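Have a look at upload-v3.pdb; it's PDB, C-alpha atoms, pLDDT in the B column:
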```pdb
ATOM      1  CA  MET A   7      86.232  91.952 103.023  1.00 34.00           C
ATOM      2  CA  LEU A   8      88.639  94.282 104.770  1.00 35.00           C
ATOM      3  CA  GLU A   9      87.365  96.311 107.675  1.00 36.00           C
ATOM      4  CA  ARG A  10      87.413 100.008 106.920  1.00 33.00           C
ATOM      5  CA  GLU A  11      88.488 102.726 109.277  1.00 37.00           C
ATOM      6  CA  PRO A  12      85.832 105.377 110.026  1.00 36.00           C
ATOM      7  CA  ARG A  13      87.544 107.948 107.771  1.00 37.00           C
ATOM      8  CA  ASP A  14      87.394 105.606 104.760  1.00 37.00           C
ATOM      9  CA  ALA A  15      84.591 105.596 102.239  1.00 37.00           C
ATOM     10  CA  GLY A  16      81.844 103.074 102.792  1.00 34.00           C
ATOM     11  CA  PRO A  17      80.598 100.492 100.296  1.00 35.00           C
ATOM     12  CA  GLY A  18      79.795 102.072  96.959  1.00 35.00           C
ATOM     13  CA  GLU A  19      81.505 105.358  97.854  1.00 37.00           C
ATOM     14  CA  ARG A  20      84.748 106.467  96.245  1.00 37.00           C
ATOM     15  CA  THR A  21      87.538 108.466  97.743  1.00 39.00           C
ATOM     16  CA  SER A  22      89.623 110.760  95.557  1.00 41.00           C
ATOM     17  CA  ARG A  23      92.556 108.397  96.180  1.00 42.00           C
ATOM     18  CA  GLU A  24      90.643 105.427  94.751  1.00 41.00           C
ATOM     19  CA  GLU A  25      89.455 107.381  91.745  1.00 46.00           C
ATOM     20  CA  SER A  26      92.986 108.439  90.904  1.00 48.00           C
ATOM     21  CA  GLY A  27      94.414 104.914  91.345  1.00 55.00           C
ATOM     22  CA  GLU A  28      96.676 105.963  94.230  1.00 61.00           C
ATOM     23  CA  SER A  29      97.713 103.445  96.848  1.00 69.00           C
ATOM     24  CA  GLU A  30      96.046 102.963 100.195  1.00 78.00           C
ATOM     25  CA  ALA A  31      98.279 101.970 103.140  1.00 88.00           C
ATOM     26  CA  LEU A  32      96.713  99.051 104.990  1.00 92.00           C
ATOM     27  CA  TYR A  33      99.562  98.214 107.344  1.00 93.00           C
ATOM     28  CA  THR A  34     102.693  99.993 108.528  1.00 94.00           C
ATOM     29  CA  ARG A  35     105.311  98.919 111.043  1.00 94.00           C
ATOM     30  CA  PRO A  36     108.802 100.055 112.023  1.00 93.00           C
ATOM     31  CA  MET A  37     111.775  98.046 110.800  1.00 90.00           C
ATOM     32  CA  PRO A  38     114.693  97.038 113.009  1.00 87.00           C
ATOM     33  CA  GLY A  39     117.435  99.598 112.522  1.00 81.00           C
ATOM     34  CA  GLY A  40     115.009 102.312 111.442  1.00 84.00           C
ATOM     35  CA  GLY A  41     112.634 102.928 108.604  1.00 87.00           C
ATOM     36  CA  TYR A  42     109.321 101.278 107.992  1.00 91.00           C
ATOM     37  CA  VAL A  43     107.583  98.578 106.016  1.00 94.00           C
ATOM     38  CA  LYS A  44     104.151  99.201 104.560  1.00 94.00           C
ATOM     39  CA  VAL A  45     101.474  97.192 102.730  1.00 96.00           C
ATOM     40  CA  GLU A  46      99.594  99.199 100.092  1.00 93.00           C
ATOM     41  CA  LEU A  47      96.536  98.320  98.028  1.00 89.00           C
ATOM     42  CA  VAL A  48      95.536  99.863  94.698  1.00 83.00           C
ATOM     43  CA  VAL A  49      92.312  99.178  92.809  1.00 73.00           C
ATOM     44  CA  SER A  50      92.477 100.061  89.132  1.00 69.00           C
ATOM     45  CA  ASP A  51      89.435 100.901  87.016  1.00 62.00           C
ATOM     46  CA  ARG A  52      87.125 100.983  90.039  1.00 61.00           C
ATOM     47  CA  GLY A  53      83.532 100.789  88.882  1.00 63.00           C
ATOM     48  CA  ALA A  54      84.385  99.135  85.560  1.00 61.00           C
ATOM     49  CA  VAL A  55      83.711  95.617  86.824  1.00 60.00           C
ATOM     50  CA  ALA A  56      85.141  93.885  83.749  1.00 62.00           C
ATOM     51  CA  ASN A  57      88.447  95.768  84.041  1.00 64.00           C
ATOM     52  CA  GLU A  58      88.726  96.165  87.813  1.00 69.00           C
ATOM     53  CA  ARG A  59      91.999  94.744  89.145  1.00 77.00           C
ATOM     54  CA  ARG A  60      93.526  94.826  92.573  1.00 84.00           C
ATOM     55  CA  ARG A  61      97.244  95.241  93.032  1.00 90.00           C
ATOM     56  CA  GLY A  62      99.077  95.229  96.323  1.00 93.00           C
ATOM     57  CA  ARG A  63     102.674  95.808  97.256  1.00 94.00           C
ATOM     58  CA  VAL A  64     105.078  95.713 100.163  1.00 95.00           C
ATOM     59  CA  VAL A  65     107.172  98.882 100.330  1.00 93.00           C
ATOM     60  CA  ILE A  66     110.102  99.696 102.598  1.00 92.00           C
ATOM     61  CA  GLU A  67     111.886 102.931 103.364  1.00 87.00           C
ATOM     62  CA  GLN A  68     115.134 103.024 105.266  1.00 77.00           C
ATOM     63  CA  ARG A  69     115.186 105.956 107.684  1.00 70.00           C
ATOM     64  CA  ALA A  70     118.976 106.264 107.607  1.00 62.00           C
ATOM     65  CA  LEU A  71     118.710 107.275 103.960  1.00 56.00           C
ATOM     66  CA  ALA A  72     115.710 109.514 104.628  1.00 53.00           C
ATOM     67  CA  ARG A  73     117.785 111.613 107.027  1.00 58.00           C
ATOM     68  CA  VAL A  74     120.240 112.479 104.266  1.00 57.00           C
ATOM     69  CA  GLY A  75     117.507 113.055 101.686  1.00 57.00           C
ATOM     70  CA  GLU A  76     118.234 109.951  99.604  1.00 59.00           C
ATOM     71  CA  ALA A  77     115.358 107.707 100.673  1.00 61.00           C
ATOM     72  CA  ILE A  78     113.308 106.314  97.840  1.00 76.00           C
ATOM     73  CA  PRO A  79     110.720 103.788  98.946  1.00 84.00           C
ATOM     74  CA  LEU A  80     111.619 100.366  97.570  1.00 87.00           C
ATOM     75  CA  VAL A  81     108.857  98.044  96.352  1.00 90.00           C
ATOM     76  CA  VAL A  82     109.970  94.614  97.528  1.00 91.00           C
ATOM     77  CA  GLU A  83     106.933  92.622  96.333  1.00 93.00           C
ATOM     78  CA  GLU A  84     103.907  93.218  94.106  1.00 93.00           C
ATOM     79  CA  VAL A  85     100.874  90.973  93.752  1.00 93.00           C
ATOM     80  CA  GLU A  86      97.925  91.449  91.396  1.00 91.00           C
ATOM     81  CA  GLY A  87      94.621  89.630  91.265  1.00 88.00           C
ATOM     82  CA  ASP A  88      90.871  89.724  91.656  1.00 82.00           C
ATOM     83  CA  ASP A  89      90.544  88.753  95.325  1.00 86.00           C
ATOM     84  CA  GLU A  90      91.509  91.592  97.644  1.00 87.00           C
ATOM     85  CA  ASN A  91      91.679  89.311 100.696  1.00 91.00           C
ATOM     86  CA  GLU A  92      94.123  86.874  99.056  1.00 93.00           C
ATOM     87  CA  ILE A  93      96.384  89.700  97.931  1.00 93.00           C
ATOM     88  CA  VAL A  94      96.428  91.316 101.355  1.00 92.00           C
ATOM     89  CA  GLU A  95      97.020  87.983 103.107  1.00 95.00           C
ATOM     90  CA  GLN A  96     100.080  87.258 100.935  1.00 95.00           C
ATOM     91  CA  LEU A  97     101.499  90.729 101.461  1.00 96.00           C
ATOM     92  CA  PHE A  98     100.915  90.751 105.248  1.00 95.00           C
ATOM     93  CA  ARG A  99     102.802  87.464 105.514  1.00 96.00           C
ATOM     94  CA  ILE A 100     105.809  89.083 103.806  1.00 96.00           C
ATOM     95  CA  ALA A 101     105.553  92.423 105.648  1.00 96.00           C
ATOM     96  CA  ARG A 102     105.688  90.754 109.076  1.00 96.00           C
ATOM     97  CA  ASP A 103     108.763  88.652 108.211  1.00 96.00           C
ATOM     98  CA  ASN A 104     112.073  90.556 108.293  1.00 94.00           C
ATOM     99  CA  ALA A 105     113.952  87.672 106.638  1.00 94.00           C
ATOM    100  CA  ALA A 106     111.445  87.543 103.756  1.00 94.00           C
ATOM    101  CA  ILE A 107     111.849  91.282 103.246  1.00 93.00           C
ATOM    102  CA  ALA A 108     115.650  91.003 103.305  1.00 91.00           C
ATOM    103  CA  ARG A 109     115.595  88.210 100.674  1.00 94.00           C
ATOM    104  CA  ARG A 110     113.390  90.274  98.385  1.00 91.00           C
ATOM    105  CA  VAL A 111     115.528  93.385  98.823  1.00 88.00           C
ATOM    106  CA  LEU A 112     118.634  91.404  97.853  1.00 91.00           C
ATOM    107  CA  ARG A 113     116.849  89.998  94.777  1.00 90.00           C
ATOM    108  CA  ARG A 114     115.655  93.472  93.708  1.00 86.00           C
ATOM    109  CA  ARG A 115     119.128  94.969  94.123  1.00 85.00           C
ATOM    110  CA  ALA A 116     120.721  92.098  92.178  1.00 90.00           C
ATOM    111  CA  ALA A 117     118.188  92.551  89.361  1.00 88.00           C
ATOM    112  CA  MET A 118     118.812  96.311  89.284  1.00 84.00           C
ATOM    113  CA  ALA A 119     122.596  95.759  89.188  1.00 89.00           C
ATOM    114  CA  ALA A 120     122.230  93.248  86.353  1.00 91.00           C
ATOM    115  CA  ARG A 121     120.214  95.775  84.315  1.00 88.00           C
ATOM    116  CA  ALA A 122     122.862  98.448  84.925  1.00 85.00           C
ATOM    117  CA  ASP A 123     125.594  96.224  83.445  1.00 75.00           C
TER
END
```
Kindly transcribe the structure held in the file into structure tokens.
Amino acid sequence: MLEREPRDAGPGERTSREESGESEALYTRPMPGGGYVKVELVVSDRGAVANERRRGRVVIEQRALARVGEAIPLVVEEVEGDDENEIVEQLFRIARDNAAIARRVLRRRAAMAARAD
């Protein structure tokens, strides 16, 4: 299980973020050239054991765009499953690898361009 920071809820306790299905940032680091990369975890239907799913994602934001007010965080990878540790392990591997992030960004942009055509 993931270690919780002191401000986080303990086992069996819910934070308002978890109840609303919002994401929880588990890891953040600066990117070369500015911006940041972040690993987020979301647990849906917490408490409803049969429906509870964990979804994680790697998100980047380029600071150059943030300065001009155009920055929209880009989800470069999403993983869903039942095992929180497996999801986080996969996402950390991507978030620490600049080349892996760049490949995923190029794929996302190509997919978005194809949809626009």
Write out, as JSON lines, each residue of range 84-113 of chain A that has an atom at most 7 Å from range 36-45 of chain A, together with the closest pair of atoms and their distance in Å to one decimal, counting all atoms listed in the file, rows going by chain and rising number.
```
{"residue": "A:Leu97", "atom": "CA", "partner": "A:Val45", "partner_atom": "CA", "distance": 6.6}
{"residue": "A:Phe98", "atom": "CA", "partner": "A:Val45", "partner_atom": "CA", "distance": 6.9}
{"residue": "A:Ala101", "atom": "CA", "partner": "A:Val43", "partner_atom": "CA", "distance": 6.5}
```
Specify as a list in words each residue included when the PyMOL selection byres ((chain A and resi 80) around 12) is applied to this file. Gly41, Tyr42, Val43, Lys44, Val45, Arg63, Val64, Val65, Ile66, Glu67, Gln68, Leu71, Glu76, Ala77, Ile78, Pro79, Val81, Val82, Glu83, Glu84, Ile107, Ala108, Arg110, Val111, Leu112, Arg113, Arg114, Arg115 and Met118 of chain A
Can you translate the PyMOL selection byres ((chain A and resi 88) around 9) into the concrete residues it hits in this file, as a ChimeraX atom specification? /A:58-61,86-87,89-90,92-93
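Rounded to one decimal, CA of Glu46 in chain A and CA of Ala106 in chain A lie 17.0 Å from each other.
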Can you measure CA of Ala31 in chain A to CA of Ala105 in chain A for me? One decimal in Å is fine. 21.5 Å
In Å, with one decimal, what is the gap from CA of Asn104 in chain A to CA of Val48 in chain A?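 CA of Val48 in chain A lies at a distance of 23.3 Å from CA of Asn104 in chain A.
Nearest to Asn91 in chain A of all the residues A:Ala117, A:Ala122, A:Leu47, A:Arg109 is A:Leu47, based on all atoms listed in the file.
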Would you fill out range 81-111 of chain A with N, CA and C atoms and return it as a PDB file, in the coordinates of the input?
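Output file selection_38.pdb follows:
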```pdb
ATOM      1  N   VAL A  81     109.912  99.051  96.453  1.00 90.00           N
ATOM      2  CA  VAL A  81     108.857  98.044  96.352  1.00 90.00           C
ATOM      3  C   VAL A  81     109.548  96.687  96.364  1.00 90.00           C
ATOM      4  N   VAL A  82     109.298  95.902  97.408  1.00 91.00           N
ATOM      5  CA  VAL A  82     109.970  94.614  97.528  1.00 91.00           C
ATOM      6  C   VAL A  82     109.115  93.462  97.019  1.00 91.00           C
ATOM      7  N   GLU A  83     107.814  93.669  96.882  1.00 93.00           N
ATOM      8  CA  GLU A  83     106.933  92.622  96.333  1.00 93.00           C
ATOM      9  C   GLU A  83     105.663  93.269  95.807  1.00 93.00           C
ATOM     10  N   GLU A  84     105.185  92.784  94.665  1.00 93.00           N
ATOM     11  CA  GLU A  84     103.907  93.218  94.106  1.00 93.00           C
ATOM     12  C   GLU A  84     103.083  91.993  93.765  1.00 93.00           C
ATOM     13  N   VAL A  85     101.799  92.063  94.059  1.00 93.00           N
ATOM     14  CA  VAL A  85     100.874  90.973  93.752  1.00 93.00           C
ATOM     15  C   VAL A  85      99.639  91.593  93.123  1.00 93.00           C
ATOM     16  N   GLU A  86      99.130  90.960  92.066  1.00 91.00           N
ATOM     17  CA  GLU A  86      97.925  91.449  91.396  1.00 91.00           C
ATOM     18  C   GLU A  86      96.922  90.317  91.292  1.00 91.00           C
ATOM     19  N   GLY A  87      95.654  90.646  91.399  1.00 88.00           N
ATOM     20  CA  GLY A  87      94.621  89.630  91.265  1.00 88.00           C
ATOM     21  C   GLY A  87      93.237  90.208  91.431  1.00 88.00           C
ATOM     22  N   ASP A  88      92.269  89.319  91.533  1.00 82.00           N
ATOM     23  CA  ASP A  88      90.871  89.724  91.656  1.00 82.00           C
ATOM     24  C   ASP A  88      90.379  89.720  93.097  1.00 82.00           C
ATOM     25  N   ASP A  89      90.999  88.907  93.951  1.00 86.00           N
ATOM     26  CA  ASP A  89      90.544  88.753  95.325  1.00 86.00           C
ATOM     27  C   ASP A  89      91.396  89.594  96.271  1.00 86.00           C
ATOM     28  N   GLU A  90      90.814  90.661  96.765  1.00 87.00           N
ATOM     29  CA  GLU A  90      91.509  91.592  97.644  1.00 87.00           C
ATOM     30  C   GLU A  90      92.041  90.894  98.902  1.00 87.00           C
ATOM     31  N   ASN A  91      91.262  89.999  99.469  1.00 91.00           N
ATOM     32  CA  ASN A  91      91.679  89.311 100.696  1.00 91.00           C
ATOM     33  C   ASN A  91      92.903  88.426 100.477  1.00 91.00           C
ATOM     34  N   GLU A  92      92.958  87.713  99.361  1.00 93.00           N
ATOM     35  CA  GLU A  92      94.123  86.874  99.056  1.00 93.00           C
ATOM     36  C   GLU A  92      95.375  87.709  98.867  1.00 93.00           C
ATOM     37  N   ILE A  93      95.244  88.812  98.170  1.00 93.00           N
ATOM     38  CA  ILE A  93      96.384  89.700  97.931  1.00 93.00           C
ATOM     39  C   ILE A  93      96.917  90.231  99.253  1.00 93.00           C
ATOM     40  N   VAL A  94      96.024  90.739 100.080  1.00 92.00           N
ATOM     41  CA  VAL A  94      96.428  91.316 101.355  1.00 92.00           C
ATOM     42  C   VAL A  94      97.044  90.255 102.268  1.00 92.00           C
ATOM     43  N   GLU A  95      96.478  89.064 102.282  1.00 95.00           N
ATOM     44  CA  GLU A  95      97.020  87.983 103.107  1.00 95.00           C
ATOM     45  C   GLU A  95      98.462  87.657 102.708  1.00 95.00           C
ATOM     46  N   GLN A  96      98.718  87.540 101.411  1.00 95.00           N
ATOM     47  CA  GLN A  96     100.080  87.258 100.935  1.00 95.00           C
ATOM     48  C   GLN A  96     101.050  88.369 101.341  1.00 95.00           C
ATOM     49  N   LEU A  97     100.616  89.606 101.174  1.00 96.00           N
ATOM     50  CA  LEU A  97     101.499  90.729 101.461  1.00 96.00           C
ATOM     51  C   LEU A  97     101.742  90.898 102.960  1.00 96.00           C
ATOM     52  N   PHE A  98     100.729  90.669 103.797  1.00 95.00           N
ATOM     53  CA  PHE A  98     100.915  90.751 105.248  1.00 95.00           C
ATOM     54  C   PHE A  98     101.931  89.713 105.716  1.00 95.00           C
ATOM     55  N   ARG A  99     101.864  88.524 105.145  1.00 96.00           N
ATOM     56  CA  ARG A  99     102.802  87.464 105.514  1.00 96.00           C
ATOM     57  C   ARG A  99     104.245  87.933 105.265  1.00 96.00           C
ATOM     58  N   ILE A 100     104.469  88.576 104.137  1.00 96.00           N
ATOM     59  CA  ILE A 100     105.809  89.083 103.806  1.00 96.00           C
ATOM     60  C   ILE A 100     106.179  90.253 104.715  1.00 96.00           C
ATOM     61  N   ALA A 101     105.260  91.194 104.899  1.00 96.00           N
ATOM     62  CA  ALA A 101     105.553  92.423 105.648  1.00 96.00           C
ATOM     63  C   ALA A 101     105.886  92.163 107.114  1.00 96.00           C
ATOM     64  N   ARG A 102     105.404  91.071 107.673  1.00 96.00           N
ATOM     65  CA  ARG A 102     105.688  90.754 109.076  1.00 96.00           C
ATOM     66  C   ARG A 102     106.976  89.954 109.253  1.00 96.00           C
ATOM     67  N   ASP A 103     107.603  89.539 108.160  1.00 96.00           N
ATOM     68  CA  ASP A 103     108.763  88.652 108.211  1.00 96.00           C
ATOM     69  C   ASP A 103     110.012  89.396 107.725  1.00 96.00           C
ATOM     70  N   ASN A 104     110.873  89.798 108.662  1.00 94.00           N
ATOM     71  CA  ASN A 104     112.073  90.556 108.293  1.00 94.00           C
ATOM     72  C   ASN A 104     112.982  89.793 107.343  1.00 94.00           C
ATOM     73  N   ALA A 105     113.096  88.477 107.524  1.00 94.00           N
ATOM     74  CA  ALA A 105     113.952  87.672 106.638  1.00 94.00           C
ATOM     75  C   ALA A 105     113.386  87.649 105.223  1.00 94.00           C
ATOM     76  N   ALA A 106     112.068  87.538 105.083  1.00 94.00           N
ATOM     77  CA  ALA A 106     111.445  87.543 103.756  1.00 94.00           C
ATOM     78  C   ALA A 106     111.675  88.880 103.062  1.00 94.00           C
ATOM     79  N   ILE A 107     111.592  89.956 103.817  1.00 93.00           N
ATOM     80  CA  ILE A 107     111.849  91.282 103.246  1.00 93.00           C
ATOM     81  C   ILE A 107     113.301  91.382 102.796  1.00 93.00           C
ATOM     82  N   ALA A 108     114.226  90.933 103.649  1.00 91.00           N
ATOM     83  CA  ALA A 108     115.650  91.003 103.305  1.00 91.00           C
ATOM     84  C   ALA A 108     115.956  90.216 102.036  1.00 91.00           C
ATOM     85  N   ARG A 109     115.368  89.013 101.892  1.00 94.00           N
ATOM     86  CA  ARG A 109     115.595  88.210 100.674  1.00 94.00           C
ATOM     87  C   ARG A 109     115.102  88.946  99.431  1.00 94.00           C
ATOM     88  N   ARG A 110     113.943  89.559  99.533  1.00 91.00           N
ATOM     89  CA  ARG A 110     113.390  90.274  98.385  1.00 91.00           C
ATOM     90  C   ARG A 110     114.196  91.527  98.048  1.00 91.00           C
ATOM     91  N   VAL A 111     114.690  92.204  99.066  1.00 88.00           N
ATOM     92  CA  VAL A 111     115.528  93.385  98.823  1.00 88.00           C
ATOM     93  C   VAL A 111     116.800  92.970  98.091  1.00 88.00           C
TER      94      VAL A 111
END
```
